[in-house]
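Visitor: Sharing a structure here in structure tokens format.
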Amino acid sequence: MRLLPAGPGALLVELGSTEAVLAFAAEVERRRSAGWDRRVLEVVPGATTVLLDGLEDPRGTAEELARWTATGAPTGAGPGAGHARTVEVPCRYGGPDLAEVAAHWGVAEEDVPAVHAGLDHRVAFCGFAPGFAYIAGLGQLGGVPRLATPRPSVPAGSVALAGDFTGVYPRSSPGGWRIIGHTDAVLWDPARAVPALLAPGVAVRFLAV
Amino acid sequence: MATDAADPRWATVVRPGARTSLQDAGRPGLAHLGVPRSGALDPAAHALANRLVGNGPAAATLETTVDGVVLRLGAAAVLAVTGAPAPVTVDRRPVPWGLPVRVGAGGVLEVGRAEAGVRSYVAVAGGFDVPPVLGSRSTDALSGLGPPPLTPGMRLPIGEPLRAPAAVDMAPYRRPAAHAELTVHPGPRRDWLTDDAARSLFAQAYTVAQDSNRVGLRLSGRPLARRHEGELPSEGIVWGSVQLLPDGQLVVLLADHPTTGGYPVVGVVDPGDAAACAQAAPGTSVRLRPAPGQSSGPKRRSPASPSPGTM
């Protein structure tokens with residue numbers, strides 16, 4: 001764990017891996033709900049970092065975080081505790097980039113659905129747009145290159161790959177991810193208690209339909 | 001208009017003005033879902049406008065962008081204009097900027113072009129009462145959350161006034177300057193700057209670029225050299241983050257900034273400079289000043305630190 005300054009009210013905690021990020025964010029949430037620093041306004045997981053924003057005293061918090069490690073509190077290694085929720089995302093595999101992805105993986109095009117749906121996925125973090133989740137789980141099949149030129153419009157519900165992540169476009173937007181399918185799941189609804197279907201830490205099971 | 005009499009507590013947009021939007025305190029606490037903070041870019045001017053008309057701080061105001069706005073009031077109401085100084089008229093008669101003004105039923109409030117700065121704030125007693133989205137009436141220019149952009153003829157409902165307008169005849173507000181100085185704290189990726197660039201960060205003068213907006217204040221200057229190529233894995237971003245773009249230019253991220261990003265953040269502007277950022281018009285000369293306790297020279301890299309970008 002490396003603590004980096006992020007201005008007078010925040011800290012960027014560098015953890016190095018998605019697993020460590022999920023475990024640390026879960027630990028912060030556990031402590032927050034137990035009454036730890038209620039001023040912490042935002043806990044924002046990234047690919048290898050967690051941002052804590054809204055801190056009264058980032059230096060003091062940094063010292064405290066160092067003590068968490070010293071007392072053996074989970075700061076990374078363990079599985080993402082407290083993330084029991086699993087969301088099933090029905091997916092009609094197919095799409096303009098299926099062949100490219102199959103070639104990148106070295107599998108037949110018709111095997112892409114079984115391969116992708118057979119993996120254990122988990123939301124690492126959100127970004128890019130409200131409810132857009134970066135879903136980890138590609139493992140050795142990661143490193144999927146983005147399109148050289150992003151498409152001006154990717155339809156809402158597109159299931160797509162880039163780098164080590166799967167993403168699902170909550171609404172139509174420009175995008176350079178490789179499209180391998182489509183879902184009718186409602187990914188974003190501001191009227192719901194948790195507007196994002198795929199919040200950080202949620203386990204995701206893609207179902208080929 | 002028959003419906004006017006039935007429920008006159010609204011304002012009709014006569015002329016929306018370029019990029020005018022409704023703003024309040026925004027949507028804090030949802031960044032982990034990819035929801036930008038949003039909210040008034042100049043929080044002090046927004047709060048002052050609300051205070052002048054007797055509103056609580058959470059009421060929504062209109063934020064203009066240089067171009068002003070024209071409203072017709074369904075019923076008599078008290079309004080106030082703060083932020084970027086601009087000519088204000090009621091039924092074509094000049095009225096004071098920065099003070100509560102009364103507009104009669106059917107009356108027209110006109111906020112003209114900003115004389116300095118960028119963003120004026122129009123508060124109405126009772127607040128603009130459009131339906132909130134995720135607890136806020138702010139329009140988010142990046143994600144599209146919140147009320148739609150203003151269009152001619154659009155009706156903005158007005159809430160019940162809480163209390164009488166403030167009894168003041170002068171409200172404190174610092175007029176936006178032609179030069180801005182922003183205090184910058186260390187950012188998580190300041191070691192992406194070369195030693196020369198780290199010195200240059202605080203030594204050179206920047207100019208606010210034309211394509212600045214609610215997402216970011218773009219500073220053009222001599223390009224700053226970087227130690228590492230490429231981008232970082234996406235990481236959380238705070239308000240005021242000074243991002244180093246691939247072309248060596250800087251952008252200060254403002255209220256509608258994306259929640260995560262991969263460009264290195266080399267500094268963070270002090271939140272006390274929010275008004276200066278909000279009111280810095282294109283062409284404004286900007287200097288960055290290191291926050292107290294920070295050296296303005298290059299940061300020594302700890303040998304124990306892994307090099308960013310290699311993870």
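Residues are named by chain letter and number: chains run A, B, ... in the order of the structure tokens, numbers start at 1 in each chain, and ligands are numbered from 1 in the order shown.
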May I have the residues of chain B within 9 Å of chain A, counting only C-alpha atoms, written as a count of residues only?
Guide: 40
Visitor: Quick one: residues within 12 Å of range 201-206 of chain B, only C-alpha atoms counted, chain neighbours fewer than 2 positions away excluded, as a ChimeraX atom specification?
Guide: /B:179-186,190,193-199,208-209,217-226,242-244,248-252,266-267,280,282-291,294-299
Visitor: Mind checking DSSP for range 185-247 of chain B and telling me the strand (DSSP E) residues as a ChimeraX atom specification?
Guide: /B:185-186,206-208,216-220,235-236,241-244
Visitor: What are the DSSP alpha helix (DSSP H) residues of range 121-263 of chain B, as a PDB file with all heavy atoms, in the first residue's frame?
Guide:
```pdb
ATOM      1  N   ASP B 195      12.262  17.171 -13.934  1.00  0.00           N
ATOM      2  CA  ASP B 195      12.717  18.222 -13.022  1.00  0.00           C
ATOM      3  C   ASP B 195      12.503  19.598 -13.621  1.00  0.00           C
ATOM      4  O   ASP B 195      12.045  20.516 -12.946  1.00  0.00           O
ATOM      5  CB  ASP B 195      14.200  18.019 -12.679  1.00  0.00           C
ATOM      6  CG  ASP B 195      14.417  16.797 -11.782  1.00  0.00           C
ATOM      7  OD1 ASP B 195      13.403  16.181 -11.364  1.00  0.00           O
ATOM      8  OD2 ASP B 195      15.578  16.471 -11.505  1.00  0.00           O
ATOM      9  N   ASP B 196      12.814  19.740 -14.906  1.00  0.00           N
ATOM     10  CA  ASP B 196      12.624  21.024 -15.586  1.00  0.00           C
ATOM     11  C   ASP B 196      11.159  21.420 -15.578  1.00  0.00           C
ATOM     12  O   ASP B 196      10.807  22.571 -15.300  1.00  0.00           O
ATOM     13  CB  ASP B 196      13.100  20.944 -17.042  1.00  0.00           C
ATOM     14  CG  ASP B 196      14.582  21.245 -17.156  1.00  0.00           C
ATOM     15  OD1 ASP B 196      15.178  21.614 -16.112  1.00  0.00           O
ATOM     16  OD2 ASP B 196      15.137  21.095 -18.265  1.00  0.00           O
ATOM     17  N   ALA B 197      10.295  20.441 -15.886  1.00  0.00           N
ATOM     18  CA  ALA B 197       8.855  20.721 -15.964  1.00  0.00           C
ATOM     19  C   ALA B 197       8.293  21.070 -14.589  1.00  0.00           C
ATOM     20  O   ALA B 197       7.423  21.925 -14.463  1.00  0.00           O
ATOM     21  CB  ALA B 197       8.118  19.529 -16.555  1.00  0.00           C
ATOM     22  N   ALA B 198       8.824  20.406 -13.538  1.00  0.00           N
ATOM     23  CA  ALA B 198       8.359  20.689 -12.181  1.00  0.00           C
ATOM     24  C   ALA B 198       8.671  22.135 -11.807  1.00  0.00           C
ATOM     25  O   ALA B 198       7.890  22.791 -11.118  1.00  0.00           O
ATOM     26  CB  ALA B 198       8.987  19.719 -11.189  1.00  0.00           C
ATOM     27  N   ARG B 199       9.838  22.638 -12.258  1.00  0.00           N
ATOM     28  CA  ARG B 199      10.186  24.046 -12.009  1.00  0.00           C
ATOM     29  C   ARG B 199       9.284  24.952 -12.832  1.00  0.00           C
ATOM     30  O   ARG B 199       8.766  25.952 -12.352  1.00  0.00           O
ATOM     31  CB  ARG B 199      11.654  24.304 -12.360  1.00  0.00           C
ATOM     32  CG  ARG B 199      12.611  24.037 -11.205  1.00  0.00           C
ATOM     33  CD  ARG B 199      14.036  24.438 -11.562  1.00  0.00           C
ATOM     34  NE  ARG B 199      14.616  23.536 -12.558  1.00  0.00           N
ATOM     35  CZ  ARG B 199      15.319  22.442 -12.245  1.00  0.00           C
ATOM     36  NH1 ARG B 199      15.552  22.156 -10.975  1.00  0.00           N
ATOM     37  NH2 ARG B 199      15.803  21.658 -13.177  1.00  0.00           N
ATOM     38  N   SER B 200       9.095  24.570 -14.085  1.00  0.00           N
ATOM     39  CA  SER B 200       8.322  25.386 -15.021  1.00  0.00           C
ATOM     40  C   SER B 200       6.854  25.490 -14.599  1.00  0.00           C
ATOM     41  O   SER B 200       6.190  26.494 -14.841  1.00  0.00           O
ATOM     42  CB  SER B 200       8.442  24.780 -16.418  1.00  0.00           C
ATOM     43  OG  SER B 200       7.711  25.509 -17.342  1.00  0.00           O
ATOM     44  N   LEU B 201       6.341  24.430 -13.934  1.00  0.00           N
ATOM     45  CA  LEU B 201       4.937  24.396 -13.496  1.00  0.00           C
ATOM     46  C   LEU B 201       4.569  25.678 -12.761  1.00  0.00           C
ATOM     47  O   LEU B 201       3.517  26.270 -13.012  1.00  0.00           O
ATOM     48  CB  LEU B 201       4.728  23.176 -12.586  1.00  0.00           C
ATOM     49  CG  LEU B 201       3.353  22.971 -11.966  1.00  0.00           C
ATOM     50  CD1 LEU B 201       2.344  22.574 -13.043  1.00  0.00           C
ATOM     51  CD2 LEU B 201       3.405  21.886 -10.875  1.00  0.00           C
ATOM     52  N   PHE B 202       5.465  26.107 -11.838  1.00  0.00           N
ATOM     53  CA  PHE B 202       5.165  27.276 -11.018  1.00  0.00           C
ATOM     54  C   PHE B 202       5.827  28.552 -11.548  1.00  0.00           C
ATOM     55  O   PHE B 202       5.550  29.635 -11.056  1.00  0.00           O
ATOM     56  CB  PHE B 202       5.607  27.034  -9.575  1.00  0.00           C
ATOM     57  CG  PHE B 202       4.813  25.941  -8.898  1.00  0.00           C
ATOM     58  CD1 PHE B 202       5.425  24.762  -8.497  1.00  0.00           C
ATOM     59  CD2 PHE B 202       3.459  26.113  -8.660  1.00  0.00           C
ATOM     60  CE1 PHE B 202       4.686  23.764  -7.865  1.00  0.00           C
ATOM     61  CE2 PHE B 202       2.722  25.124  -8.035  1.00  0.00           C
ATOM     62  CZ  PHE B 202       3.323  23.946  -7.633  1.00  0.00           C
ATOM     63  N   ALA B 203       6.720  28.407 -12.519  1.00  0.00           N
ATOM     64  CA  ALA B 203       7.470  29.578 -12.979  1.00  0.00           C
ATOM     65  C   ALA B 203       6.784  30.296 -14.138  1.00  0.00           C
ATOM     66  O   ALA B 203       6.895  31.503 -14.276  1.00  0.00           O
ATOM     67  CB  ALA B 203       8.875  29.153 -13.392  1.00  0.00           C
TER      68      ALA B 203
END
```
Visitor: CA of Leu161 in chain A and CA of Trp105 in chain A, how far apart in Å?
Guide: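 Computing the Euclidean distance for CA of Trp105 in chain A and CA of Leu161 in chain A yields 12.0 Å.
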Visitor: Using only C-alpha atoms, which residues sit within 9 Å of Pro8 in chain B once same-chain residues fewer than 6 positions away are excluded, as a list in words?
Guide: Leu73, Gly74, Ala75, Ala76, Ala105, Pro157 and Ile158 of chain B
Visitor: Can those selected residues be exported to a file as a JSON list (two decimals), in the first residue's frame so that it contains N, CA, C and O atoms?
Guide:
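part34.json, written as the output of this step:
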```json
[["chain", "number", "residue", "atom", "x", "y", "z"],
["B", 73, "LEU", "N", -41.65, 36.37, -15.08],
["B", 73, "LEU", "CA", -42.17, 35.80, -13.84],
["B", 73, "LEU", "C", -43.69, 35.69, -13.89],
["B", 73, "LEU", "O", -44.37, 36.67, -14.26],
["B", 74, "GLY", "N", -44.22, 34.52, -13.53],
["B", 74, "GLY", "CA", -45.67, 34.31, -13.51],
["B", 74, "GLY", "C", -46.33, 35.11, -12.41],
["B", 74, "GLY", "O", -47.42, 35.66, -12.58],
["B", 75, "ALA", "N", -45.70, 35.17, -11.25],
["B", 75, "ALA", "CA", -46.21, 35.92, -10.11],
["B", 75, "ALA", "C", -45.09, 36.80, -9.58],
["B", 75, "ALA", "O", -43.91, 36.54, -9.88],
["B", 76, "ALA", "N", -45.44, 37.81, -8.79],
["B", 76, "ALA", "CA", -44.41, 38.69, -8.23],
["B", 76, "ALA", "C", -43.41, 37.84, -7.45],
["B", 76, "ALA", "O", -43.80, 36.88, -6.76],
["B", 105, "ALA", "N", -45.77, 40.53, -11.13],
["B", 105, "ALA", "CA", -46.39, 39.45, -11.92],
["B", 105, "ALA", "C", -46.32, 39.82, -13.40],
["B", 105, "ALA", "O", -46.68, 40.93, -13.79],
["B", 157, "PRO", "N", -40.56, 25.87, -12.42],
["B", 157, "PRO", "CA", -41.39, 26.07, -11.22],
["B", 157, "PRO", "C", -40.58, 26.75, -10.12],
["B", 157, "PRO", "O", -39.37, 26.55, -10.02],
["B", 158, "ILE", "N", -41.27, 27.54, -9.32],
["B", 158, "ILE", "CA", -40.62, 28.24, -8.20],
["B", 158, "ILE", "C", -41.25, 27.76, -6.90],
["B", 158, "ILE", "O", -42.47, 27.65, -6.79]]
```
